[in-house]
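What follows is upload09.cif (mmCIF, C-alpha atoms and all ligand atoms).
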```
data_structure
loop_
_atom_site.label_atom_id
_atom_site.label_comp_id
_atom_site.auth_asym_id
_atom_site.auth_seq_id
_atom_site.Cartn_x
_atom_site.Cartn_y
_atom_site.Cartn_z
CA MET A 1 18.30 19.62 -138.08
CA ARG A 2 18.90 19.62 -134.35
CA VAL A 3 16.13 19.53 -131.78
CA VAL A 4 16.88 20.05 -128.10
CA HIS A 5 14.42 18.48 -125.65
CA ALA A 6 14.31 19.48 -121.99
CA ALA A 7 11.71 19.25 -119.23
CA ASP A 8 11.14 19.98 -115.56
CA LEU A 9 13.37 23.03 -115.30
CA HIS A 10 11.70 24.14 -112.05
CA ILE A 11 13.42 27.52 -112.35
CA ASP A 12 14.06 29.15 -108.95
CA SER A 13 13.11 26.01 -107.06
CA PRO A 14 15.21 25.95 -103.88
CA LEU A 15 17.57 23.01 -103.43
CA ARG A 16 16.13 21.31 -100.38
CA GLY A 17 17.41 19.80 -97.17
CA LEU A 18 20.76 21.56 -96.99
CA GLY A 19 20.50 23.59 -93.81
CA ARG A 20 23.88 25.05 -93.06
CA ILE A 21 26.75 22.99 -94.39
CA GLU A 22 30.15 24.36 -93.51
CA GLY A 23 31.91 25.75 -96.58
CA ALA A 24 29.26 24.66 -99.10
CA PRO A 25 29.12 26.67 -102.35
CA VAL A 26 25.98 28.61 -101.41
CA ASP A 27 25.79 30.70 -104.58
CA ASP A 28 26.07 27.66 -106.83
CA ILE A 29 23.34 26.02 -104.80
CA ARG A 30 21.04 29.05 -104.71
CA LEU A 31 21.34 29.75 -108.43
CA ALA A 32 21.61 26.16 -109.66
CA THR A 33 18.29 25.93 -111.53
CA ARG A 34 18.93 29.26 -113.28
CA ARG A 35 22.50 28.38 -114.24
CA ALA A 36 21.39 25.02 -115.60
CA PHE A 37 18.82 26.79 -117.77
CA ARG A 38 21.48 29.23 -119.00
CA ARG A 39 23.60 26.21 -119.97
CA LEU A 40 20.64 24.85 -121.91
CA ILE A 41 20.41 28.07 -123.91
CA ASP A 42 24.20 28.04 -124.45
CA LEU A 43 23.91 24.50 -125.78
CA CYS A 44 21.20 25.55 -128.27
CA LEU A 45 23.43 28.40 -129.46
CA ASP A 46 26.56 26.24 -129.70
CA HIS A 47 24.73 23.58 -131.72
CA GLU A 48 22.64 26.06 -133.70
CA ALA A 49 19.56 24.06 -132.72
CA GLU A 50 16.54 24.80 -134.89
CA LEU A 51 14.05 23.84 -132.23
CA LEU A 52 13.93 23.81 -128.43
CA LEU A 53 11.14 21.81 -126.78
CA LEU A 54 10.22 22.39 -123.12
CA ALA A 55 7.93 19.61 -121.88
CA GLY A 56 6.40 21.32 -118.85
CA ASP A 57 7.30 22.42 -115.30
CA VAL A 58 9.43 25.29 -116.55
CA PHE A 59 8.62 26.99 -113.24
CA ASP A 60 8.32 25.52 -109.78
CA GLY A 61 5.08 27.22 -108.80
CA GLU A 62 3.90 30.77 -108.22
CA TRP A 63 6.75 33.31 -108.54
CA ARG A 64 7.66 35.42 -105.55
CA ASP A 65 8.06 38.38 -107.92
CA PHE A 66 8.45 38.99 -111.62
CA ASN A 67 12.20 38.31 -111.63
CA THR A 68 11.70 34.61 -112.30
CA GLY A 69 9.68 35.36 -115.44
CA LEU A 70 12.03 38.14 -116.54
CA PHE A 71 15.03 35.85 -116.23
CA PHE A 72 13.27 33.27 -118.39
CA VAL A 73 12.43 35.85 -121.08
CA ARG A 74 15.95 37.29 -121.09
CA GLU A 75 17.51 33.85 -121.62
CA LEU A 76 15.01 32.87 -124.34
CA SER A 77 15.72 36.13 -126.16
CA ARG A 78 19.31 35.01 -126.71
CA LEU A 79 17.95 32.34 -129.07
CA ARG A 80 17.09 35.00 -131.67
CA GLU A 81 20.77 34.91 -132.58
CA SER A 82 20.61 31.22 -133.60
CA ASN A 83 17.06 31.47 -134.97
CA THR A 84 15.99 28.70 -132.57
CA ARG A 85 12.22 28.33 -132.31
CA VAL A 86 10.82 27.31 -128.91
CA VAL A 87 7.67 25.29 -128.23
CA MET A 88 6.60 24.73 -124.64
CA ILE A 89 3.73 23.34 -122.60
CA ARG A 90 2.75 23.99 -119.01
CA GLY A 91 2.95 21.13 -116.54
CA ASN A 92 1.39 20.62 -113.11
CA HIS A 93 3.86 23.00 -111.43
CA ASP A 94 3.27 25.84 -113.88
CA ALA A 95 -0.34 25.28 -114.89
CA GLU A 96 -2.36 28.37 -115.82
CA SER A 97 -4.21 28.10 -112.53
CA VAL A 98 -0.93 28.03 -110.57
CA ILE A 99 1.14 30.85 -112.12
CA SER A 100 -1.06 33.92 -111.85
CA ARG A 101 1.62 36.38 -113.02
CA HIS A 102 2.64 36.47 -116.64
CA VAL A 103 5.26 38.17 -118.77
CA PRO A 104 4.98 38.45 -122.54
CA LEU A 105 7.17 35.86 -124.27
CA PRO A 106 9.26 36.63 -127.39
CA GLU A 107 7.65 35.93 -130.77
CA HIS A 108 9.86 32.88 -131.41
CA VAL A 109 8.34 31.15 -128.37
CA THR A 110 5.00 29.31 -128.58
CA THR A 111 3.10 28.04 -125.54
CA LEU A 112 0.56 25.40 -126.56
CA ALA A 113 -3.05 25.84 -125.45
CA ALA A 114 -4.56 24.20 -122.36
CA ASP A 115 -8.16 23.73 -123.48
CA ALA A 116 -7.42 21.30 -126.35
CA PRO A 117 -4.41 19.74 -128.07
CA GLU A 118 -2.79 22.00 -130.61
CA THR A 119 -0.35 21.56 -133.51
CA VAL A 120 2.36 24.02 -134.56
CA THR A 121 4.01 23.32 -137.89
CA PHE A 122 7.35 24.59 -139.09
CA GLU A 123 7.14 23.95 -142.83
CA ASP A 124 10.72 25.23 -143.36
CA LEU A 125 12.00 22.60 -140.90
CA GLY A 126 9.58 19.87 -141.97
CA VAL A 127 8.30 19.44 -138.39
CA ALA A 128 4.91 19.33 -136.69
CA VAL A 129 4.80 19.64 -132.90
CA HIS A 130 1.58 18.47 -131.23
CA GLY A 131 0.85 19.15 -127.59
CA GLN A 132 -1.33 20.48 -124.83
CA SER A 133 -0.64 22.50 -121.68
CA TYR A 134 -2.12 21.90 -118.25
CA GLY A 135 -4.82 24.38 -117.29
CA GLU A 136 -5.11 22.97 -113.77
CA ARG A 137 -2.48 21.54 -111.51
CA SER A 138 -4.14 18.17 -111.42
CA VAL A 139 -4.98 16.62 -114.77
CA ASP A 140 -6.51 13.15 -114.49
CA GLU A 141 -7.46 12.79 -118.13
CA ASN A 142 -5.36 10.77 -120.60
CA LEU A 143 -4.40 13.81 -122.71
CA ALA A 144 -2.46 11.87 -125.34
CA GLN A 145 -5.64 10.10 -126.41
CA ARG A 146 -6.95 13.28 -127.98
CA TYR A 147 -3.69 14.35 -129.66
CA PRO A 148 -4.15 14.78 -133.44
CA GLY A 149 -3.05 12.17 -135.96
CA ARG A 150 0.33 12.44 -137.69
CA ARG A 151 1.06 14.72 -140.63
CA ARG A 152 2.40 12.37 -143.32
CA ASP A 153 4.60 14.97 -144.97
CA LEU A 154 6.33 16.10 -141.76
CA LEU A 155 8.35 14.77 -138.82
CA ASN A 156 5.84 14.43 -135.97
CA ILE A 157 6.72 15.28 -132.38
CA GLY A 158 4.35 14.93 -129.41
CA LEU A 159 5.02 17.26 -126.48
CA LEU A 160 3.43 15.88 -123.32
CA HIS A 161 3.67 16.23 -119.54
CA THR A 162 2.59 12.83 -118.29
CA ASN A 163 3.10 9.91 -115.97
CA ALA A 164 3.61 7.25 -118.65
CA VAL A 165 5.37 4.79 -116.36
CA GLY A 166 3.00 4.54 -113.40
CA SER A 167 5.69 6.16 -111.25
CA SER A 168 4.69 6.47 -107.61
CA ASP A 169 7.36 9.15 -107.06
CA HIS A 170 5.38 11.54 -109.23
CA GLY A 171 1.71 12.58 -109.33
CA ASN A 172 -0.37 10.41 -111.63
CA TYR A 173 -1.15 13.27 -114.02
CA ALA A 174 -2.32 12.84 -117.61
CA PRO A 175 -1.60 9.13 -117.25
CA CYS A 176 -0.99 7.07 -120.38
CA THR A 177 1.00 4.00 -121.38
CA VAL A 178 4.14 3.64 -123.45
CA SER A 179 2.39 1.32 -125.90
CA GLN A 180 -0.34 3.90 -126.42
CA LEU A 181 2.31 6.49 -127.34
CA VAL A 182 4.21 4.05 -129.55
CA ASP A 183 1.01 3.25 -131.45
CA HIS A 184 -0.01 6.88 -131.93
CA GLY A 185 2.04 7.33 -135.10
CA TYR A 186 4.45 10.11 -134.11
CA ASP A 187 8.23 9.91 -134.60
CA TYR A 188 9.27 11.31 -131.22
CA TRP A 189 7.46 11.80 -127.92
CA ALA A 190 9.08 14.62 -125.96
CA LEU A 191 7.89 13.86 -122.43
CA GLY A 192 8.17 15.67 -119.14
CA HIS A 193 7.13 15.07 -115.49
CA VAL A 194 9.30 12.11 -114.45
CA HIS A 195 12.56 13.60 -113.19
CA ARG A 196 14.79 10.64 -114.06
CA ARG A 197 16.15 10.33 -117.60
CA GLU A 198 14.50 7.39 -119.34
CA ILE A 199 14.33 6.26 -122.94
CA LEU A 200 11.13 4.22 -123.01
CA SER A 201 11.21 3.33 -126.72
CA GLU A 202 13.54 3.83 -129.68
CA GLY A 203 11.10 3.05 -132.47
CA PRO A 204 9.41 5.50 -132.29
CA TRP A 205 11.31 7.45 -129.68
CA VAL A 206 9.61 7.98 -126.32
CA VAL A 207 11.92 9.98 -124.07
CA TYR A 208 12.03 11.57 -120.63
CA PRO A 209 15.13 13.78 -120.52
CA GLY A 210 14.81 14.05 -116.71
CA ASN A 211 15.08 17.35 -114.93
CA LEU A 212 17.77 19.90 -115.71
CA GLN A 213 19.10 20.13 -112.16
CA GLY A 214 18.65 17.75 -109.23
CA ARG A 215 16.89 19.50 -106.34
CA HIS A 216 17.23 17.16 -103.38
CA ALA A 217 18.93 14.01 -102.14
CA ARG A 218 16.64 11.69 -104.08
CA GLU A 219 17.45 13.35 -107.45
CA THR A 220 20.94 11.92 -107.82
CA GLY A 221 23.30 11.56 -110.76
CA PRO A 222 23.76 13.50 -114.00
CA LYS A 223 20.92 15.80 -115.05
CA GLY A 224 20.35 17.61 -118.31
CA CYS A 225 18.65 17.51 -121.69
CA VAL A 226 18.58 15.43 -124.86
CA ILE A 227 19.78 16.42 -128.35
CA VAL A 228 17.93 14.88 -131.27
CA ASP A 229 19.66 14.75 -134.66
CA VAL A 230 17.18 14.71 -137.51
CA ASP A 231 17.90 14.02 -141.17
CA GLY A 232 14.82 14.75 -143.29
CA LEU A 233 12.03 12.66 -141.75
CA GLN A 234 14.49 10.33 -139.99
CA ILE A 235 15.76 10.60 -136.45
CA ARG A 236 19.45 9.65 -136.58
CA ARG A 237 20.55 9.99 -133.00
CA VAL A 238 19.31 10.86 -129.54
CA GLU A 239 22.01 11.91 -127.08
CA ALA A 240 21.91 13.02 -123.46
CA ARG A 241 23.81 16.14 -122.37
CA GLU A 242 24.68 16.98 -118.77
CA LEU A 243 23.81 20.54 -117.77
CA ASP A 244 23.51 20.39 -113.99
CA VAL A 245 25.49 22.84 -111.89
CA VAL A 246 25.42 21.01 -108.57
CA ARG A 247 25.14 17.24 -108.35
CA TRP A 248 23.52 15.00 -105.74
CA ALA A 249 24.95 11.60 -104.86
CA THR A 250 24.33 8.77 -102.42
CA VAL A 251 27.47 7.27 -100.94
CA VAL A 252 26.93 3.94 -99.18
CA ALA A 253 29.84 2.73 -97.07
CA SER A 254 29.69 -0.79 -95.69
CA ALA A 255 31.05 -1.21 -92.21
CA ALA A 256 30.78 -5.00 -92.47
CA LYS A 257 34.49 -5.63 -93.03
CA ALA A 258 35.82 -2.76 -90.97
CA GLN A 259 37.96 -3.96 -88.02
CA ASN A 260 38.23 -0.46 -86.64
CA LEU A 261 37.24 3.14 -87.30
CA ASP A 262 40.20 3.72 -89.61
CA ASP A 263 39.01 0.89 -91.86
CA LEU A 264 35.54 2.38 -91.90
CA LEU A 265 36.84 5.85 -92.72
CA ALA A 266 38.89 4.39 -95.60
CA GLU A 267 35.68 2.85 -96.93
CA VAL A 268 33.89 6.20 -96.70
CA ARG A 269 36.79 7.96 -98.40
CA ALA A 270 36.67 5.49 -101.31
CA GLY A 271 32.93 6.06 -101.68
CA LEU A 272 33.28 9.84 -101.68
CA LYS A 273 36.09 9.60 -104.25
CA GLY A 274 33.87 7.44 -106.44
CA ALA A 275 31.14 10.10 -106.37
CA LEU A 276 33.66 12.72 -107.54
CA VAL A 277 34.56 10.66 -110.60
CA GLY A 278 32.45 11.70 -113.55
CA ALA A 279 31.17 14.90 -111.99
CA ASP A 280 33.61 17.04 -114.01
CA GLY A 281 34.42 19.24 -111.05
CA ARG A 282 30.80 20.07 -110.22
CA PRO A 283 30.15 20.53 -106.52
CA ILE A 284 28.58 17.37 -105.11
CA LEU A 285 26.11 17.13 -102.26
CA ALA A 286 26.36 13.60 -100.94
CA ARG A 287 24.13 11.68 -98.58
CA VAL A 288 26.46 9.31 -96.76
CA ILE A 289 24.99 6.08 -95.42
CA VAL A 290 27.08 3.84 -93.20
CA GLU A 291 25.51 0.40 -93.02
CA GLY A 292 26.17 -3.23 -92.28
CA ALA A 293 26.60 -5.58 -89.36
CA THR A 294 29.73 -4.53 -87.52
CA GLY A 295 31.51 -4.83 -84.22
CA LEU A 296 31.72 -1.04 -84.29
CA HIS A 297 27.95 -0.79 -83.99
CA GLU A 298 27.76 -0.01 -80.27
CA ALA A 299 30.44 2.65 -80.48
CA LEU A 300 28.78 4.29 -83.48
CA ALA A 301 25.30 4.18 -82.01
CA ALA A 302 26.43 5.53 -78.66
CA ASN A 303 28.44 8.42 -80.06
CA PRO A 304 28.33 9.05 -83.82
CA GLU A 305 29.36 12.73 -83.68
CA PRO A 306 33.15 12.23 -83.82
CA LEU A 307 32.83 9.94 -86.83
CA GLU A 308 30.53 12.43 -88.53
CA ALA A 309 33.10 15.14 -88.02
CA GLN A 310 35.81 12.88 -89.43
CA ILE A 311 33.70 12.09 -92.48
CA ARG A 312 33.14 15.81 -93.09
CA ALA A 313 36.88 16.39 -92.76
CA ILE A 314 37.64 13.68 -95.32
CA ALA A 315 35.16 15.28 -97.74
CA ALA A 316 36.72 18.70 -97.19
CA ASP A 317 40.12 17.20 -97.94
CA LEU A 318 38.89 15.55 -101.16
CA GLY A 319 37.56 18.78 -102.63
CA ALA A 320 34.20 19.70 -104.12
CA ILE A 321 32.05 17.28 -102.13
CA TRP A 322 29.90 18.05 -99.09
CA PRO A 323 28.04 15.46 -96.99
CA GLU A 324 24.46 16.69 -96.98
CA LYS A 325 23.49 14.19 -94.28
CA ILE A 326 25.28 11.28 -92.64
CA ARG A 327 23.15 8.34 -91.60
CA PHE A 328 24.15 5.30 -89.58
CA ARG A 329 22.25 2.12 -90.30
CA THR A 330 24.61 -0.36 -88.76
CA SER A 331 23.62 -3.34 -86.69
CA HIS A 332 25.31 -5.67 -84.24
CA PRO A 333 27.12 -8.53 -86.04
CA GLU A 334 25.42 -11.26 -84.01
CA GLY A 335 22.20 -9.53 -83.17
CA GLU A 336 21.28 -8.86 -79.55
CA ALA A 337 22.40 -12.35 -78.49
CA ALA A 338 25.95 -11.08 -78.36
CA ILE A 339 25.06 -8.63 -75.64
CA GLY A 340 24.73 -11.54 -73.30
CA GLU A 341 22.62 -11.13 -70.21
CA HIS A 342 20.77 -8.13 -71.67
CA THR A 343 19.24 -10.27 -74.36
CA LEU A 344 15.96 -10.60 -72.52
CA LEU A 345 15.66 -6.90 -71.88
CA LEU A 346 16.49 -6.01 -75.48
CA GLY A 347 14.15 -8.68 -76.80
CA ALA A 348 11.36 -7.18 -74.74
CA LEU A 349 12.15 -3.71 -76.06
CA ARG A 350 12.09 -4.94 -79.62
CA ALA A 351 8.77 -6.72 -79.08
CA GLU A 352 7.27 -3.58 -77.53
CA LEU A 353 8.39 -1.41 -80.42
CA ALA A 354 6.90 -3.89 -82.87
CA ARG A 355 3.65 -3.87 -80.92
CA VAL A 356 3.22 -0.10 -80.98
CA ALA A 357 4.51 0.34 -84.52
CA ALA A 358 1.08 -0.10 -86.05
CA ASP A 359 -0.72 2.15 -83.58
CA PRO A 360 0.11 5.90 -83.59
CA GLU A 361 -1.71 6.52 -80.28
CA ALA A 362 0.11 3.74 -78.49
CA LEU A 363 3.38 4.88 -80.01
CA ARG A 364 2.79 8.42 -78.77
CA ASP A 365 2.23 7.16 -75.20
CA TYR A 366 5.12 4.78 -75.43
CA LEU A 367 7.57 7.41 -76.61
CA GLY A 368 6.38 9.61 -73.77
CA GLU A 369 7.30 6.89 -71.26
CA LEU A 370 10.51 6.01 -73.01
CA GLY A 371 11.40 9.68 -72.77
CA PRO A 372 15.09 10.21 -72.18
CA LEU A 373 16.28 7.14 -74.05
CA ALA A 374 14.25 7.83 -77.21
CA ALA A 375 14.99 11.55 -76.97
CA SER A 376 18.71 10.86 -76.88
CA VAL A 377 18.71 9.01 -80.19
CA ALA A 378 15.98 10.91 -82.06
CA PRO A 379 18.22 13.80 -83.20
CA LEU A 380 20.67 11.32 -84.70
CA LEU A 381 17.88 10.15 -86.99
CA ASP A 382 16.38 13.59 -87.64
CA LEU A 383 13.25 12.26 -86.00
CA ARG A 384 10.59 14.28 -84.24
CA LEU A 385 9.11 12.25 -81.44
CA ASP A 386 5.82 14.17 -81.57
CA ASP A 387 5.14 12.85 -85.06
CA PRO A 388 4.35 9.11 -84.91
CA ALA A 389 3.53 9.02 -88.64
CA ALA A 390 7.16 9.91 -89.39
CA ILE A 391 8.53 7.48 -86.82
CA ILE A 392 6.70 4.32 -87.85
CA PRO A 393 8.48 3.80 -91.19
CA ARG A 394 11.82 4.31 -89.44
CA LEU A 395 11.30 2.14 -86.37
CA ASP A 396 13.99 -0.23 -87.62
CA GLU A 397 16.59 2.50 -87.44
CA LEU A 398 15.31 3.74 -84.10
CA GLU A 399 15.39 0.21 -82.74
CA SER A 400 18.87 -0.39 -84.02
CA LEU A 401 20.15 2.79 -82.37
CA LEU A 402 18.32 2.08 -79.11
CA LEU A 403 19.79 -1.39 -78.95
CA GLY A 404 23.21 0.06 -79.66
CA LYS A 405 22.81 2.62 -76.89
CA LEU A 406 21.69 -0.03 -74.44
CA GLY A 407 24.46 -2.36 -75.49
CA ALA A 408 27.11 0.30 -75.08
CA ALA A 409 25.66 1.32 -71.72
CA ALA A 410 25.71 -2.31 -70.63
CA LEU A 411 29.38 -2.62 -71.49
CA GLU A 412 30.18 0.43 -69.41
CA ILE A 413 28.32 -0.71 -66.29
CA PRO A 414 30.89 -1.92 -63.77
CA ARG A 415 30.06 -5.37 -62.52
MN MN B 501 8.40 18.33 -112.58
#
```
As structure tokens, the full file:
Amino acid sequence: MRVVHAADLHIDSPLRGLGRIEGAPVDDIRLATRRAFRRLIDLCLDHEAELLLLAGDVFDGEWRDFNTGLFFVRELSRLRESNTRVVMIRGNHDAESVISRHVPLPEHVTTLAADAPETVTFEDLGVAVHGQSYGERSVDENLAQRYPGRRRDLLNIGLLHTNAVGSSDHGNYAPCTVSQLVDHGYDYWALGHVHRREILSEGPWVVYPGNLQGRHARETGPKGCVIVDVDGLQIRRVEARELDVVRWATVVASAAKAQNLDDLLAEVRAGLKGALVGADGRPILARVIVEGATGLHEALAANPEPLEAQIRAIAADLGAIWPEKIRFRTSHPEGEAAIGEHTLLLGALRAELARVAADPEALRDYLGELGPLAASVAPLLDLRLDDPAAIIPRLDELESLLLGKLGAAALEIPR
């Protein structure tokens, strides 16, 4: 028997932070979550999967119209052909209280109840699936605690949307621990909620398949589902399958050894090429970070636009890769000491920034006074100067750019 386990589909969730990127594959990007779901259904058909498990966050929130629901139903209906049964739960993004519209689901699809844990058994497959949906967006209770005991005569699967790893990147919903799940007596825990693929235990299996399609620059790398091969009451194999349509990557290029801009561009090119490897021709949206202590720092800080354009041109030349954002986090190789007589001035600036960093009011006043200088570097960092809360965690970068600007200006001042 083959069971396919997926979670966090977030169908029709927009891919974020793209703005307008010259030549980017806009249709692939717009339809990515839908196409990834279609690939999931194709996979079930190709493998004649008996069971498809969806561990919550099928949708991304309230639908704009019924098309999102209709698309979902139409794709699920294709599974009649392979006689694939579907069991799903609602997660925080598609809790009953969140999605007010509904469409009737086909008879081979079961959504587990939200008021109490529920068990569906498939005697012909020898499987019991236990699980519970979210009724509200925020579920603080440890749901797994109340899941029923195992059925001795069947393979037991727990379907659960949970933060089982204390992840701070995700809401702490239906929190539980891995050891609690391991001790519960089931054969396989089909989890959802954490968007990164993680196998937390192999005996019994406790698995996050990750989301089906990365949605922003922090959801990098391959995304997809997991196929579980079952032989009687034994799980033989658990294998990840990539289903994403568009891939996100972080490309870090070190400027530390670059003697000149050509060296640096070669470094960036190598990084972009590396991201293309293993993507099987999928379009890649890459966040490019140029970092390191380098003699090029002043030039980059003073005028990064030409280098940005060159990086975009390299990407265009390489093929299906688009820099989503380009960030410069370089520093001067010998700190501000190397800028000679301006050391005192720069030291004072650094001390002042440190002083106001902890105080939003002071920072607001300070940025007002600093005016033109801060305003000239803020766009390079995507910073809004009227929002101190956003600036404080990035003062290092702001400082580094300010120092660079000052350093470059100093070099240009005729003596
Ligand atoms: Mn999710």
Dump the neighbourhood of ligand MN 501 (chain B) as a ChimeraX atom specification: all residues within 12 Å, distances computed on only C-alpha atoms and all ligand atoms. /A:6-11,13,54-61,90-95,137,161-163,169-173,191-196,208-215,219
Pick from A:Val103, A:Val139, A:Ala190, A:Val246: nearest to Arg34 of chain A, with only C-alpha atoms counted? A:Val246
Could you please determine the separation between atom CA of Asp244 of chain A and atom CA of Glu62 of chain A in Å, to one decimal place? 22.9 Å
I need the residue nearest Val129 of chain A from this list: A:Leu52, A:Ala164, A:Leu243, A:Leu200. Use all atoms listed in the file for the distance.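 Once distances to Val129 of chain A are computed over all atoms listed in the file, the minimum belongs to A:Leu52.
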With a cut-off of 12 Å, could you pull out the residues of segment 166-278 of chain A touching segment 288-294 of chain A and give me the nearest pair of atoms for each, distance in Å to one decimal, using only C-alpha atoms, ordered by chain and ascending number, as a Markdown table?
```
| residue | atom | partner | partner_atom | distance |
| --- | --- | --- | --- | --- |
| A:Ala217 | CA | A:Val288 | CA | 10.4 |
| A:Trp248 | CA | A:Val288 | CA | 11.0 |
| A:Ala249 | CA | A:Val288 | CA | 8.6 |
| A:Thr250 | CA | A:Val288 | CA | 6.1 |
| A:Val251 | CA | A:Val288 | CA | 4.8 |
| A:Val252 | CA | A:Ile289 | CA | 4.7 |
| A:Ala253 | CA | A:Val290 | CA | 4.9 |
| A:Ser254 | CA | A:Glu291 | CA | 5.1 |
| A:Ala255 | CA | A:Gly292 | CA | 5.3 |
| A:Ala256 | CA | A:Gly292 | CA | 4.9 |
| A:Lys257 | CA | A:Thr294 | CA | 7.4 |
| A:Ala258 | CA | A:Thr294 | CA | 7.2 |
| A:Gln259 | CA | A:Thr294 | CA | 8.3 |
| A:Asn260 | CA | A:Thr294 | CA | 9.5 |
| A:Leu261 | CA | A:Thr294 | CA | 10.7 |
| A:Asp263 | CA | A:Thr294 | CA | 11.6 |
| A:Leu264 | CA | A:Val290 | CA | 8.7 |
| A:Leu265 | CA | A:Val290 | CA | 10.0 |
| A:Glu267 | CA | A:Val290 | CA | 9.4 |
| A:Val268 | CA | A:Val290 | CA | 8.0 |
| A:Arg269 | CA | A:Val288 | CA | 10.5 |
| A:Ala270 | CA | A:Val288 | CA | 11.8 |
| A:Gly271 | CA | A:Val288 | CA | 8.8 |
| A:Leu272 | CA | A:Val288 | CA | 8.4 |
| A:Ala275 | CA | A:Val288 | CA | 10.7 |
```
Near-Arg78 of chain A list (9 Å; only C-alpha atoms; drop same-chain fewer than 5 positions) as a PyMOL selection string: chain A and resi 41-42+45+73
Convert the current residue selection to file output with C-alpha atoms, as an mmCIF file, keeping the file's coordinate frame.
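Dumped everything to selection-v2.cif:
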```cif
data_model
loop_
_atom_site.group_PDB
_atom_site.id
_atom_site.type_symbol
_atom_site.label_atom_id
_atom_site.label_comp_id
_atom_site.auth_asym_id
_atom_site.auth_seq_id
_atom_site.Cartn_x
_atom_site.Cartn_y
_atom_site.Cartn_z
ATOM 1 C CA ILE A 41 20.410 28.070 -123.910
ATOM 2 C CA ASP A 42 24.200 28.040 -124.450
ATOM 3 C CA LEU A 45 23.430 28.400 -129.460
ATOM 4 C CA VAL A 73 12.430 35.850 -121.080
#
```
So how many Å separate atom CA of Asn303 of chain A and atom CA of Arg364 of chain A, to one decimal?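 Interatomic distance here is 25.7 Å.
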Which distance in Å separates atom CA of Lys223 of chain A and atom CA of Gly185 of chain A, to one decimal?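 Going from atom CA of Lys223 of chain A over to atom CA of Gly185 of chain A covers 28.8 Å.
For the set A:Val245, A:Cys176, A:Ala24, A:Val207, the residue with the smallest atom-to-atom gap to Arg312 of chain A is A:Ala24, counting all atoms listed in the file.
Among the candidates A:Cys225, A:Val206, A:Val98, A:Val127, the one nearest to Arg39 of chain A when counting only C-alpha atoms is A:Cys225.
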Point (9.1, 38.9, -112.5), cut-off 12 Å, counting only C-alpha atoms, residues as a list of chain:residue names: A:Asp12, A:Phe59, A:Glu62, A:Trp63, A:Arg64, A:Asp65, A:Phe66, A:Asn67, A:Thr68, A:Gly69, A:Leu70, A:Phe71, A:Phe72, A:Val73, A:Arg74, A:Ile99, A:Ser100, A:Arg101, A:His102, A:Val103, A:Pro104
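The protein and nucleic acid residues lying at most 10 Å from Ser201 of chain A are Val178, Ser179, Leu181, Val182, Tyr188, Trp189, Glu198, Pro204, Trp205, Val206 and Val207 of chain A, with all atoms listed in the file considered and sequence neighbours fewer than 3 positions away removed.
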Which one is closest to Gly23 of chain A: A:Ala315, A:Leu300, A:Ala266, A:Leu112? Count only C-alpha atoms.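 The closest residue to Gly23 of chain A is A:Ala315.
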Using all atoms listed in the file, determine which residues lie at most 9 Å from Asn83 of chain A, disregarding the query and same-chain residues fewer than 3 positions distant; provide the list as a PyMOL selection string. chain A and resi 45+48-51+79-80+108
Around (22.7, 9.6, -129.1), as given in the file, which residues come within 8 Å? Count all atoms listed in the file and list them as an MDAnalysis selection string. chainID A and resid 227:228 237:240
Let me make sure I understand: among A:Asp183, A:Asp28, A:Leu276, A:Ser331, which one has the smallest atom-to-atom distance to Asp396 of chain A if we use all atoms listed in the file?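 Comparing A:Asp183, A:Asp28, A:Leu276, A:Ser331 against Asp396 of chain A, the winner is A:Ser331.
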